[in-house]
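> For reference, the file model.json (JSON, C-alpha atoms) is included below:
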```json
[["chain", "number", "residue", "atom", "x", "y", "z"],
["A", 1, "MET", "CA", -7.56, 17.21, -39.33],
["A", 2, "LYS", "CA", -5.35, 14.45, -40.72],
["A", 3, "ILE", "CA", -2.67, 15.03, -38.08],
["A", 4, "VAL", "CA", -5.22, 14.65, -35.25],
["A", 5, "LYS", "CA", -6.42, 11.38, -36.75],
["A", 6, "LYS", "CA", -2.84, 10.08, -37.04],
["A", 7, "ILE", "CA", -2.09, 11.02, -33.44],
["A", 8, "ALA", "CA", -5.29, 9.32, -32.26],
["A", 9, "ILE", "CA", -4.42, 6.13, -34.15],
["A", 10, "ALA", "CA", -0.86, 6.16, -32.78],
["A", 11, "LEU", "CA", -2.17, 6.58, -29.22],
["A", 12, "LEU", "CA", -4.64, 3.75, -29.74],
["A", 13, "VAL", "CA", -1.86, 1.46, -30.99],
["A", 14, "VAL", "CA", 0.29, 2.35, -27.96],
["A", 15, "LEU", "CA", -2.62, 1.75, -25.58],
["A", 16, "ILE", "CA", -3.35, -1.64, -27.14],
["A", 17, "GLY", "CA", 0.35, -2.55, -27.03],
["A", 18, "MET", "CA", 0.51, -1.64, -23.35],
["A", 19, "GLN", "CA", -2.08, -4.32, -22.60],
["A", 20, "PHE", "CA", 0.48, -6.98, -23.51],
["A", 21, "TYR", "CA", 3.38, -5.57, -21.46],
["A", 22, "ARG", "CA", 2.31, -5.14, -17.88],
["A", 23, "PRO", "CA", 4.35, -4.42, -14.77],
["A", 24, "GLU", "CA", 5.22, -7.30, -12.48],
["A", 25, "LYS", "CA", 2.63, -7.92, -9.78],
["A", 26, "ASN", "CA", 3.45, -7.57, -6.10],
["A", 27, "THR", "CA", 2.49, -11.04, -4.86],
["A", 28, "ALA", "CA", 4.00, -13.30, -2.23],
["A", 29, "ASP", "CA", 3.28, -16.77, -0.91],
["A", 30, "GLY", "CA", 3.02, -17.59, 2.76],
["A", 31, "ASP", "CA", 2.64, -15.25, 5.68],
["A", 32, "TYR", "CA", 4.42, -12.19, 4.34],
["A", 33, "VAL", "CA", 3.87, -10.08, 7.49],
["A", 34, "ALA", "CA", 4.43, -12.77, 10.15],
["A", 35, "THR", "CA", 7.63, -11.24, 11.54],
["A", 36, "PHE", "CA", 6.08, -7.78, 11.75],
["A", 37, "GLU", "CA", 2.93, -9.01, 13.49],
["A", 38, "ALA", "CA", 4.83, -11.33, 15.86],
["A", 39, "GLU", "CA", 7.09, -8.50, 16.94],
["A", 40, "THR", "CA", 4.54, -5.70, 17.23],
["A", 41, "GLN", "CA", 1.61, -7.79, 18.56],
["A", 42, "PRO", "CA", -1.35, -5.98, 16.98],
["A", 43, "SER", "CA", -4.79, -6.87, 18.32],
["A", 44, "ALA", "CA", -7.28, -8.60, 16.02],
["A", 45, "GLU", "CA", -8.91, -5.21, 15.37],
["A", 46, "VAL", "CA", -5.59, -3.57, 14.43],
["A", 47, "LYS", "CA", -4.59, -6.56, 12.27],
["A", 48, "GLN", "CA", -7.81, -6.07, 10.31],
["A", 49, "ILE", "CA", -7.14, -2.34, 9.94],
["A", 50, "LEU", "CA", -3.61, -3.04, 8.69],
["A", 51, "LYS", "CA", -4.88, -5.65, 6.24],
["A", 52, "THR", "CA", -7.65, -3.42, 4.94],
["A", 53, "ALA", "CA", -5.84, -0.08, 4.82],
["A", 54, "CYS", "CA", -2.07, -0.73, 4.71],
["A", 55, "TYR", "CA", -0.79, -4.07, 3.46],
["A", 56, "ASP", "CA", -1.78, -3.66, -0.21],
["A", 57, "CYS", "CA", 0.81, -0.90, -0.67],
["A", 58, "HIS", "CA", 3.18, -1.58, 2.22],
["A", 59, "SER", "CA", 3.89, -5.32, 2.02],
["A", 60, "ALA", "CA", 5.02, -8.01, -0.40],
["A", 61, "ASN", "CA", 1.46, -8.96, -1.33],
["A", 62, "THR", "CA", -1.19, -6.84, -2.97],
["A", 63, "GLU", "CA", -4.79, -7.88, -3.54],
["A", 64, "TYR", "CA", -5.38, -6.35, -6.94],
["A", 65, "PRO", "CA", -8.73, -4.93, -8.06],
["A", 66, "TRP", "CA", -10.17, -5.96, -11.43],
["A", 67, "TYR", "CA", -9.17, -2.69, -13.06],
["A", 68, "ASN", "CA", -5.50, -3.52, -12.56],
["A", 69, "ASN", "CA", -5.85, -5.60, -15.72],
["A", 70, "ILE", "CA", -6.17, -2.44, -17.79],
["A", 71, "ALA", "CA", -3.11, -0.43, -18.79],
["A", 72, "PRO", "CA", -2.19, 2.33, -18.01],
["A", 73, "VAL", "CA", -3.93, 1.80, -14.64],
["A", 74, "SER", "CA", -1.70, -1.23, -13.97],
["A", 75, "TYR", "CA", 1.39, 0.97, -14.37],
["A", 76, "TRP", "CA", -0.06, 3.64, -12.09],
["A", 77, "LEU", "CA", -0.85, 1.06, -9.38],
["A", 78, "ALA", "CA", 2.59, -0.55, -9.69],
["A", 79, "ASP", "CA", 4.19, 2.86, -9.19],
["A", 80, "HIS", "CA", 2.08, 3.56, -6.08],
["A", 81, "ILE", "CA", 2.94, 0.17, -4.59],
["A", 82, "GLU", "CA", 6.65, 0.58, -5.32],
["A", 83, "ASP", "CA", 6.61, 4.02, -3.71],
["A", 84, "GLY", "CA", 4.69, 2.75, -0.69],
["A", 85, "LYS", "CA", 7.12, -0.11, -0.14],
["A", 86, "LYS", "CA", 10.04, 2.28, -0.49],
["A", 87, "HIS", "CA", 8.74, 4.25, 2.50],
["A", 88, "LEU", "CA", 7.55, 1.29, 4.61],
["A", 89, "ASP", "CA", 7.53, -2.42, 3.85],
["A", 90, "PHE", "CA", 5.98, -4.52, 6.59],
["A", 91, "SER", "CA", 7.25, -7.66, 4.83],
["A", 92, "ASP", "CA", 10.84, -6.43, 5.25],
["A", 93, "TRP", "CA", 10.44, -5.69, 8.98],
["A", 94, "ALA", "CA", 13.04, -8.28, 10.03],
["A", 95, "ASN", "CA", 15.70, -6.38, 8.07],
["A", 96, "TYR", "CA", 15.04, -3.06, 9.80],
["A", 97, "ASP", "CA", 17.26, -2.18, 12.75],
["A", 98, "THR", "CA", 15.71, -1.12, 16.05],
["A", 99, "LYS", "CA", 16.08, 2.60, 15.38],
["A", 100, "LYS", "CA", 14.44, 2.27, 11.96],
["A", 101, "LYS", "CA", 11.55, 0.21, 13.37],
["A", 102, "ASP", "CA", 10.88, 2.89, 15.98],
["A", 103, "HIS", "CA", 11.04, 5.62, 13.35],
["A", 104, "LYS", "CA", 8.70, 3.75, 10.99],
["A", 105, "LEU", "CA", 6.11, 3.30, 13.73],
["A", 106, "GLU", "CA", 6.48, 6.98, 14.61],
["A", 107, "GLU", "CA", 5.78, 7.81, 10.95],
["A", 108, "VAL", "CA", 2.74, 5.51, 10.95],
["A", 109, "ILE", "CA", 1.34, 7.46, 13.89],
["A", 110, "GLU", "CA", 2.06, 10.82, 12.28],
["A", 111, "GLU", "CA", 0.69, 9.91, 8.83],
["A", 112, "VAL", "CA", -2.49, 8.34, 10.21],
["A", 113, "LYS", "CA", -3.19, 11.17, 12.67],
["A", 114, "GLU", "CA", -2.74, 13.76, 9.92],
["A", 115, "GLY", "CA", -5.05, 11.83, 7.58],
["A", 116, "LYS", "CA", -2.30, 11.34, 4.99],
["A", 117, "MET", "CA", -2.59, 7.56, 5.14],
["A", 118, "PRO", "CA", -4.18, 5.69, 3.60],
["A", 119, "LEU", "CA", -3.96, 7.82, 0.48],
["A", 120, "ASN", "CA", -7.16, 9.35, -0.87],
["A", 121, "GLU", "CA", -6.50, 7.62, -4.20],
["A", 122, "TYR", "CA", -6.71, 4.30, -2.36],
["A", 123, "THR", "CA", -9.78, 5.07, -0.25],
["A", 124, "TRP", "CA", -11.73, 6.28, -3.31],
["A", 125, "THR", "CA", -11.81, 2.73, -4.60],
["A", 126, "HIS", "CA", -11.46, 0.91, -1.26],
["A", 127, "GLY", "CA", -14.13, 2.52, 0.90],
["A", 128, "ASP", "CA", -13.50, 0.10, 3.76],
["A", 129, "ALA", "CA", -9.93, 1.44, 4.02],
["A", 130, "LYS", "CA", -11.15, 4.89, 5.06],
["A", 131, "LEU", "CA", -10.36, 5.01, 8.76],
["A", 132, "SER", "CA", -12.89, 6.09, 11.37],
["A", 133, "ASP", "CA", -11.82, 8.08, 14.42],
["A", 134, "GLU", "CA", -12.03, 4.89, 16.50],
["A", 135, "GLN", "CA", -9.82, 2.99, 14.06],
["A", 136, "ILE", "CA", -7.29, 5.82, 14.04],
["A", 137, "SER", "CA", -7.24, 5.81, 17.84],
["A", 138, "ALA", "CA", -6.76, 2.02, 17.94],
["A", 139, "LEU", "CA", -3.96, 2.15, 15.36],
["A", 140, "VAL", "CA", -2.17, 5.00, 17.14],
["A", 141, "ALA", "CA", -2.48, 3.33, 20.56],
["A", 142, "TRP", "CA", -1.09, 0.05, 19.16],
["A", 143, "ALA", "CA", 1.81, 1.82, 17.39],
["A", 144, "ASP", "CA", 2.63, 3.79, 20.55],
["A", 145, "ALA", "CA", 2.69, 0.55, 22.58],
["A", 146, "ALA", "CA", 4.82, -1.21, 19.96],
["A", 147, "ARG", "CA", 7.29, 1.69, 19.93],
["A", 148, "ALA", "CA", 7.90, 1.16, 23.63],
["A", 149, "ASN", "CA", 9.71, -2.07, 22.70],
["A", 150, "TYR", "CA", 12.25, -0.13, 20.66]]
```
When written as structure tokens, how does the structure in this file appear?

Amino acid sequence: MKIVKKIAIALLVVLIGMQFYRPEKNTADGDYVATFEAETQPSAEVKQILKTACYDCHSANTEYPWYNNIAPVSYWLADHIEDGKKHLDFSDWANYDTKKKDHKLEEVIEEVKEGKMPLNEYTWTHGDAKLSDEQISALVAWADAARANY
């Protein structure tokens, strides 16, 4: 029984220590998606969908929930955001070449149609990010139209 108690105390010390060393937050000043939106011309409805369901993980600015202040959740969220930005970063749109922009929009269409995006882990805590059939149709139609420019 003593070993279990020692392990529990060690884990508690690690958990408390983690509260003081948090990952860097994904925050940006200014209009971090201006280039993307100017180039792809989303409607007001699609802009709202992107803001609600996409930008937290796929841009340079995340609106963090209160529970991000608790480790290890903060590490888990930081990893999800880093992974999301690795696949698609709307804030970095200006640095994508034409072929990559077309491919990224194609992936948006595919992921949204298949229900893979937004992730279930995100929609569990952000109910408004769960896309209706109408929102999916609007997002797909916009992305198809934007792809025509590339």
> For CA of Ala10 (chain A) and CA of Ala71 (chain A), quote the distance in Å rounded to one decimal.
15.6 Å
> Excluding region 52-65 of chain A and any residue of its chain fewer than 2 positions from it, enumerate the residues within 7 Å of it, using only C-alpha atoms, and give them as a list of chain:residue names.
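So, after excluding close chain neighbours, the residues are A:Asn26, A:Thr27, A:Ala28, A:Tyr32, A:Gln48, A:Ile49, A:Leu50, A:Tyr67, A:Asn68, A:Ile81, A:Gly84, A:Lys85, A:Leu88, A:Asp89, A:Phe90, A:Ser91, A:Pro118, A:Asp128, A:Ala129.
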> Smallest atom-to-atom distance to Glu134 (chain A): which of A:Glu121, A:Glu45, A:Asp102, A:Asp92, using only C-alpha atoms?
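Closest to Glu134 (chain A), using only C-alpha atoms: A:Glu45.
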> Counting all atoms listed in the file, what is within 10 Å of Ile70 (chain A), bar same-chain residues fewer than 4 positions away, as number ranges by chain?
A: 15-16, 18-20, 22, 66, 74-75
> Select, from A:Glu107, A:Glu114, A:Glu39, A:Asp79, the residue with the minimum atom-to-atom distance to Pro23 (chain A), counting all atoms listed in the file.
A:Asp79
> Can you tell me which residues surround Lys130 (chain A) at a distance of at most 10 Å, considering only C-alpha atoms, apart from same-chain residues fewer than 3 positions away, and format the answer as an mmCIF file with C-alpha atoms, in the coordinates of the input?

```cif
data_model
loop_
_atom_site.group_PDB
_atom_site.id
_atom_site.type_symbol
_atom_site.label_atom_id
_atom_site.label_comp_id
_atom_site.auth_asym_id
_atom_site.auth_seq_id
_atom_site.Cartn_x
_atom_site.Cartn_y
_atom_site.Cartn_z
ATOM 1 C CA ILE A 49 -7.140 -2.340 9.940
ATOM 2 C CA THR A 52 -7.650 -3.420 4.940
ATOM 3 C CA ALA A 53 -5.840 -0.080 4.820
ATOM 4 C CA GLY A 115 -5.050 11.830 7.580
ATOM 5 C CA MET A 117 -2.590 7.560 5.140
ATOM 6 C CA PRO A 118 -4.180 5.690 3.600
ATOM 7 C CA LEU A 119 -3.960 7.820 0.480
ATOM 8 C CA ASN A 120 -7.160 9.350 -0.870
ATOM 9 C CA TYR A 122 -6.710 4.300 -2.360
ATOM 10 C CA THR A 123 -9.780 5.070 -0.250
ATOM 11 C CA TRP A 124 -11.730 6.280 -3.310
ATOM 12 C CA THR A 125 -11.810 2.730 -4.600
ATOM 13 C CA HIS A 126 -11.460 0.910 -1.260
ATOM 14 C CA GLY A 127 -14.130 2.520 0.900
ATOM 15 C CA ASP A 133 -11.820 8.080 14.420
ATOM 16 C CA GLN A 135 -9.820 2.990 14.060
ATOM 17 C CA ILE A 136 -7.290 5.820 14.040
#
```
